[in-house]
Amino acid sequence: MKDNLVSIITPLYNGEQYVAQTIESVLKQTYQEWEMIVINDGSTDGGLAVVEAYAAKDPRVQVFSQSNKGSAAARNNAIRRAEGRYIALLDADDLWEPWFLEQQLKLMREKNCQLVYGAHKRINGNNEEVLQPFIPPKKVTYKDMLRTCSITCLTGLYDIVPFGKIYLHEEFHSLRDDYIYWLEILRNCGIAYGNQGVIGSYRMLENGLTHNKRKMIKPQYMVYRKVEKLGVLKSCYYLCCWAFNGLLKYWK
């Protein structure tokens with residue numbers, strides 16, 4: 001483990017259209033001690049070639065390929081290779097502001113905590129804001145996260161020192177895997193703190209897996225029942241909370 005290094009975990013599946021923008025947002029970071037591990041998850045477009053071109057210019061950008069197994073398996077592949085003390089998840093179509101890493105590490109030191117997250121813009125395929133920025137609560141606990149997911153994938157930063165590396169549940173493939181990841185970390189560390197300043201941009205695409213919330217209902221319920229081992233009544237209660245809070249989140 002390299003003490004000051006941030007390992008950025010990026011699954012790539014047919015991301016040719018946006019992955020260059022994502023990598024550019026990492027290259028522009030004011031904090032420069034990072035490695036970006038891109039796992040090509042069986043892409044059939046030109047995304048791999050785009051990443052390879054960046055890797056040829058900057059050794060901090062690394063790319064590896066696997067057969068298509070879903071984002072959870074791709075992220076786990078990258079986490080196994082990660083050498084940094086800090087783990088950040090960044091999808092191949094999302095963006096960081098230049099101050100992302102600097103501010104998140106500062107917040108982590110100030111709060112003496114293992115997990116931080118933050119606010120972000122919501123943009124479309126043309127980088128236009130489609131909703132007001134999502135501003136999360138200042139802190140969340142494990143029970144808070146059962147009710148609603150306040151930690152968006154692109155803003156979370158985790159310090160592996162106290163509890164070691166955490167891996168994603170591959171049986172969920174590309175549905176709810178990052179949500180389960182944050183729950184497991186919170187079960188260990190107890191509390192996470194949020195940066196209420198905008199530090200990134202989450203790209204909302206029509207064909208995104210989380211765009212159709214109806215498709216998420218069954219996987220969300222299975223998280224409560226099969227992963228968190230909650231009873232039927234508690235699972236239904238938290239599912240209703242999640243659905244209601246989800247409507248509020250995308251209301252404006």
# chains A, B, ... in the order shown; residues from 1 in each chain; ligands from 1

call {"tool": "residues_around", "arguments": {"residues": "A:Lys69", "least_positions_apart": "2", "cutoff": "9 Å", "atoms": "only C-alpha atoms", "output": "PyMOL selection string"}}
result
chain A and resi 41-42+66-67+71-74+170+173-174

call {"tool": "select_by_dssp", "arguments": {"residues": "stretch 95-228 of chain A", "states": "alpha helix (DSSP H)", "output": "ChimeraX atom specification"}}
result
/A:100-111,142-147,177-189,217-222

call {"tool": "atom_distance", "arguments": {"atom1": "atom CA of A:Arg75", "atom2": "atom CA of A:Lys249"}}
result
25.9 Å

call {"tool": "closest_residue", "arguments": {"among": "A:Leu95, A:Val19, A:Ile9, A:Leu186", "to": "A:Ala82", "atoms": "only C-alpha atoms"}}
result
A:Ile9

call {"tool": "residues_around", "arguments": {"residues": "stretch 111-122 of chain A", "least_positions_apart": "4", "cutoff": "7 Å", "atoms": "only C-alpha atoms", "output": "PyMOL selection string"}}
result
chain A and resi 104+107+129-136+151+155-159+189+192-204

call {"tool": "write_last_selection", "arguments": {"atoms": "N, CA and C atoms", "output": "compact mmCIF listing (two decimals), in the first residue's frame"}}
result
# COMPACT_ATOMS: atom_id res chain seq x y z
N GLN A 104 -11.81 16.15 -0.96
CA GLN A 104 -12.27 14.94 -0.27
C GLN A 104 -11.24 14.43 0.74
N LEU A 107 -11.43 16.79 3.74
CA LEU A 107 -12.59 16.48 4.58
C LEU A 107 -12.36 15.23 5.40
N GLU A 129 -26.69 20.60 -17.73
CA GLU A 129 -27.36 20.26 -16.49
C GLU A 129 -28.84 20.01 -16.76
N VAL A 130 -29.35 18.90 -16.27
CA VAL A 130 -30.74 18.54 -16.52
C VAL A 130 -31.60 18.68 -15.26
N LEU A 131 -31.00 18.68 -14.11
CA LEU A 131 -31.68 18.90 -12.85
C LEU A 131 -30.81 19.79 -11.98
N GLN A 132 -31.35 20.27 -10.89
CA GLN A 132 -30.52 21.00 -9.94
C GLN A 132 -29.48 20.05 -9.35
N PRO A 133 -28.33 20.58 -8.91
CA PRO A 133 -27.32 19.71 -8.29
C PRO A 133 -27.89 18.92 -7.11
N PHE A 134 -27.42 17.70 -6.96
CA PHE A 134 -27.81 16.89 -5.81
C PHE A 134 -26.93 17.25 -4.63
N ILE A 135 -27.54 17.75 -3.57
CA ILE A 135 -26.82 18.13 -2.35
C ILE A 135 -27.14 17.11 -1.27
N PRO A 136 -26.20 16.29 -0.87
CA PRO A 136 -26.48 15.23 0.11
C PRO A 136 -26.44 15.77 1.54
N ILE A 151 -24.93 8.44 -1.09
CA ILE A 151 -23.55 8.39 -1.59
C ILE A 151 -23.59 7.98 -3.06
N THR A 155 -18.73 10.11 -6.10
CA THR A 155 -18.21 11.03 -5.08
C THR A 155 -17.61 10.34 -3.86
N GLY A 156 -17.76 9.02 -3.75
CA GLY A 156 -17.26 8.33 -2.56
C GLY A 156 -15.75 8.15 -2.57
N LEU A 157 -15.13 8.32 -1.40
CA LEU A 157 -13.70 8.06 -1.22
C LEU A 157 -13.52 7.30 0.08
N TYR A 158 -12.83 6.14 0.01
CA TYR A 158 -12.72 5.22 1.15
C TYR A 158 -11.27 5.00 1.52
N ASP A 159 -10.97 5.09 2.81
CA ASP A 159 -9.64 4.83 3.36
C ASP A 159 -9.60 3.36 3.80
N CYS A 189 -17.53 1.26 9.53
CA CYS A 189 -17.02 2.52 10.08
C CYS A 189 -18.07 3.33 10.83
N ALA A 192 -20.34 8.35 7.73
CA ALA A 192 -19.61 8.99 6.63
C ALA A 192 -20.01 10.45 6.57
N TYR A 193 -19.14 11.28 6.01
CA TYR A 193 -19.37 12.72 5.99
C TYR A 193 -19.42 13.23 4.56
N GLY A 194 -20.32 14.20 4.33
CA GLY A 194 -20.56 14.70 2.99
C GLY A 194 -20.03 16.10 2.75
N ASN A 195 -19.41 16.29 1.60
CA ASN A 195 -18.99 17.60 1.12
C ASN A 195 -20.18 18.22 0.40
N GLN A 196 -20.68 19.34 0.89
CA GLN A 196 -21.88 19.92 0.31
C GLN A 196 -21.59 20.88 -0.84
N GLY A 197 -20.32 21.03 -1.17
CA GLY A 197 -19.96 21.75 -2.38
C GLY A 197 -19.93 20.79 -3.56
N VAL A 198 -20.27 21.28 -4.75
CA VAL A 198 -20.30 20.43 -5.93
C VAL A 198 -18.89 20.01 -6.32
N ILE A 199 -18.67 18.70 -6.42
CA ILE A 199 -17.32 18.20 -6.71
C ILE A 199 -17.27 17.27 -7.92
N GLY A 200 -18.40 17.08 -8.58
CA GLY A 200 -18.41 16.20 -9.75
C GLY A 200 -19.69 16.34 -10.54
N SER A 201 -19.78 15.57 -11.62
CA SER A 201 -20.96 15.56 -12.48
C SER A 201 -21.35 14.12 -12.79
N TYR A 202 -22.60 13.80 -12.48
CA TYR A 202 -23.15 12.47 -12.75
C TYR A 202 -23.94 12.53 -14.05
N ARG A 203 -23.57 11.66 -14.98
CA ARG A 203 -24.20 11.70 -16.28
C ARG A 203 -25.46 10.82 -16.29
N MET A 204 -26.60 11.45 -16.58
CA MET A 204 -27.87 10.74 -16.63
C MET A 204 -28.21 10.47 -18.09

call {"tool": "select_by_dssp", "arguments": {"residues": "stretch 47-203 of chain A", "states": "strand (DSSP E)", "output": "PDB file with C-alpha atoms, in the first residue's frame"}}
result
ATOM      1  CA  VAL A  61      -3.467   5.463 -16.302  1.00  0.00           C
ATOM      2  CA  GLN A  62      -3.572   1.669 -16.488  1.00  0.00           C
ATOM      3  CA  VAL A  63      -5.923  -0.472 -18.543  1.00  0.00           C
ATOM      4  CA  PHE A  64      -6.682  -4.189 -18.391  1.00  0.00           C
ATOM      5  CA  SER A  65      -9.270  -6.286 -20.231  1.00  0.00           C
ATOM      6  CA  GLN A  66     -11.629  -9.070 -19.217  1.00  0.00           C
ATOM      7  CA  GLY A  84      -3.360   3.118  -2.970  1.00  0.00           C
ATOM      8  CA  ARG A  85      -4.499   3.751   0.573  1.00  0.00           C
ATOM      9  CA  TYR A  86      -7.640   5.404  -0.798  1.00  0.00           C
ATOM     10  CA  ILE A  87     -10.217   3.891  -3.150  1.00  0.00           C
ATOM     11  CA  ALA A  88     -12.492   5.991  -5.372  1.00  0.00           C
ATOM     12  CA  LEU A  89     -15.101   4.682  -7.815  1.00  0.00           C
ATOM     13  CA  LEU A  95     -16.688  13.717 -14.318  1.00  0.00           C
ATOM     14  CA  TRP A  96     -14.770  15.179 -11.391  1.00  0.00           C
ATOM     15  CA  LEU A 115     -15.578   7.396   4.099  1.00  0.00           C
ATOM     16  CA  VAL A 116     -16.555  10.707   2.517  1.00  0.00           C
ATOM     17  CA  TYR A 117     -18.896  11.650  -0.331  1.00  0.00           C
ATOM     18  CA  GLY A 118     -20.271  14.846  -1.837  1.00  0.00           C
ATOM     19  CA  ALA A 119     -22.596  16.946  -3.971  1.00  0.00           C
ATOM     20  CA  HIS A 120     -22.670  16.729  -7.744  1.00  0.00           C
ATOM     21  CA  LYS A 121     -24.258  18.153 -10.855  1.00  0.00           C
ATOM     22  CA  ARG A 122     -26.586  16.034 -12.992  1.00  0.00           C
ATOM     23  CA  ILE A 123     -25.820  16.290 -16.685  1.00  0.00           C
ATOM     24  CA  GLU A 129     -27.360  20.256 -16.489  1.00  0.00           C
ATOM     25  CA  VAL A 130     -30.741  18.544 -16.516  1.00  0.00           C
ATOM     26  CA  LEU A 131     -31.682  18.899 -12.847  1.00  0.00           C
ATOM     27  CA  GLN A 132     -30.523  20.998  -9.940  1.00  0.00           C
ATOM     28  CA  PRO A 133     -27.324  19.711  -8.291  1.00  0.00           C
ATOM     29  CA  PHE A 134     -27.812  16.886  -5.812  1.00  0.00           C
ATOM     30  CA  LYS A 139     -23.404  12.914   7.358  1.00  0.00           C
ATOM     31  CA  VAL A 140     -24.988   9.489   6.961  1.00  0.00           C
ATOM     32  CA  THR A 141     -25.087   6.302   9.008  1.00  0.00           C
ATOM     33  CA  LEU A 157     -13.699   8.062  -1.223  1.00  0.00           C
ATOM     34  CA  TYR A 158     -12.721   5.222   1.147  1.00  0.00           C
ATOM     35  CA  ASP A 159      -9.640   4.826   3.360  1.00  0.00           C
ATOM     36  CA  ILE A 191     -20.610   7.122   9.794  1.00  0.00           C
ATOM     37  CA  ALA A 192     -19.613   8.986   6.632  1.00  0.00           C
ATOM     38  CA  TYR A 193     -19.374  12.720   5.987  1.00  0.00           C
ATOM     39  CA  GLY A 194     -20.560  14.696   2.988  1.00  0.00           C
ATOM     40  CA  ASN A 195     -18.990  17.598   1.123  1.00  0.00           C
ATOM     41  CA  GLN A 196     -21.879  19.923   0.306  1.00  0.00           C
ATOM     42  CA  GLY A 197     -19.956  21.750  -2.377  1.00  0.00           C
ATOM     43  CA  VAL A 198     -20.301  20.428  -5.932  1.00  0.00           C
ATOM     44  CA  ILE A 199     -17.319  18.196  -6.709  1.00  0.00           C
ATOM     45  CA  GLY A 200     -18.406  16.199  -9.751  1.00  0.00           C
ATOM     46  CA  SER A 201     -20.960  15.557 -12.478  1.00  0.00           C
ATOM     47  CA  TYR A 202     -23.151  12.475 -12.750  1.00  0.00           C
ATOM     48  CA  ARG A 203     -24.202  11.703 -16.282  1.00  0.00           C
TER      49      ARG A 203
END

call {"tool": "atom_distance", "arguments": {"atom1": "atom CA of A:Phe172", "atom2": "atom CA of A:Gly190"}}
result
23.9 Å

call {"tool": "atom_distance", "arguments": {"atom1": "atom CA of A:Asn76", "atom2": "atom CA of A:Ile166"}}
result
8.8 Å

call {"tool": "closest_residue", "arguments": {"among": "A:Ala92, A:Ala55, A:Ile8, A:Leu105", "to": "A:Tyr31", "atoms": "only C-alpha atoms"}}
result
A:Leu105

call {"tool": "closest_residue", "arguments": {"among": "A:Glu184, A:Arg225, A:Cys149, A:Lys106", "to": "A:Gly246", "atoms": "only C-alpha atoms"}}
result
A:Cys149

call {"tool": "closest_atom_pairs", "arguments": {"of": "stretch 69-183 of chain A", "to": "stretch 229-234 of chain A", "cutoff": "12 Å", "atoms": "only C-alpha atoms", "output": "Markdown table"}}
result
| residue | atom | partner | partner_atom | distance |
| --- | --- | --- | --- | --- |
| A:Lys143 | CA | A:Lys234 | CA | 11.6 |
| A:Leu146 | CA | A:Lys234 | CA | 10.1 |
| A:Arg147 | CA | A:Lys234 | CA | 10.7 |

call {"tool": "write_last_selection", "arguments": {"atoms": "all heavy atoms", "output": "PDB file, in the first residue's frame"}}
result
ATOM      1  N   LYS A 143     -28.004   3.057   8.913  1.00  0.00           N
ATOM      2  CA  LYS A 143     -29.462   3.058   8.853  1.00  0.00           C
ATOM      3  C   LYS A 143     -29.984   4.133   7.903  1.00  0.00           C
ATOM      4  O   LYS A 143     -30.994   3.934   7.222  1.00  0.00           O
ATOM      5  CB  LYS A 143     -30.056   3.239  10.248  1.00  0.00           C
ATOM      6  CG  LYS A 143     -29.949   1.992  11.115  1.00  0.00           C
ATOM      7  CD  LYS A 143     -30.749   2.127  12.399  1.00  0.00           C
ATOM      8  CE  LYS A 143     -30.718   0.824  13.193  1.00  0.00           C
ATOM      9  NZ  LYS A 143     -31.508   0.921  14.452  1.00  0.00           N
ATOM     10  N   LEU A 146     -29.884   2.732   4.452  1.00  0.00           N
ATOM     11  CA  LEU A 146     -30.937   1.769   4.161  1.00  0.00           C
ATOM     12  C   LEU A 146     -32.180   2.479   3.631  1.00  0.00           C
ATOM     13  O   LEU A 146     -32.907   1.938   2.793  1.00  0.00           O
ATOM     14  CB  LEU A 146     -31.300   0.966   5.415  1.00  0.00           C
ATOM     15  CG  LEU A 146     -30.268  -0.065   5.896  1.00  0.00           C
ATOM     16  CD1 LEU A 146     -30.713  -0.659   7.223  1.00  0.00           C
ATOM     17  CD2 LEU A 146     -30.051  -1.173   4.866  1.00  0.00           C
ATOM     18  N   ARG A 147     -32.410   3.699   4.101  1.00  0.00           N
ATOM     19  CA  ARG A 147     -33.598   4.454   3.690  1.00  0.00           C
ATOM     20  C   ARG A 147     -33.426   5.120   2.337  1.00  0.00           C
ATOM     21  O   ARG A 147     -34.382   5.242   1.577  1.00  0.00           O
ATOM     22  CB  ARG A 147     -33.940   5.506   4.748  1.00  0.00           C
ATOM     23  CG  ARG A 147     -34.352   4.934   6.095  1.00  0.00           C
ATOM     24  CD  ARG A 147     -34.765   6.028   7.058  1.00  0.00           C
ATOM     25  NE  ARG A 147     -35.187   5.473   8.334  1.00  0.00           N
ATOM     26  CZ  ARG A 147     -34.382   5.285   9.362  1.00  0.00           C
ATOM     27  NH1 ARG A 147     -33.103   5.612   9.263  1.00  0.00           N
ATOM     28  NH2 ARG A 147     -34.830   4.770  10.487  1.00  0.00           N
TER      29      ARG A 147
END
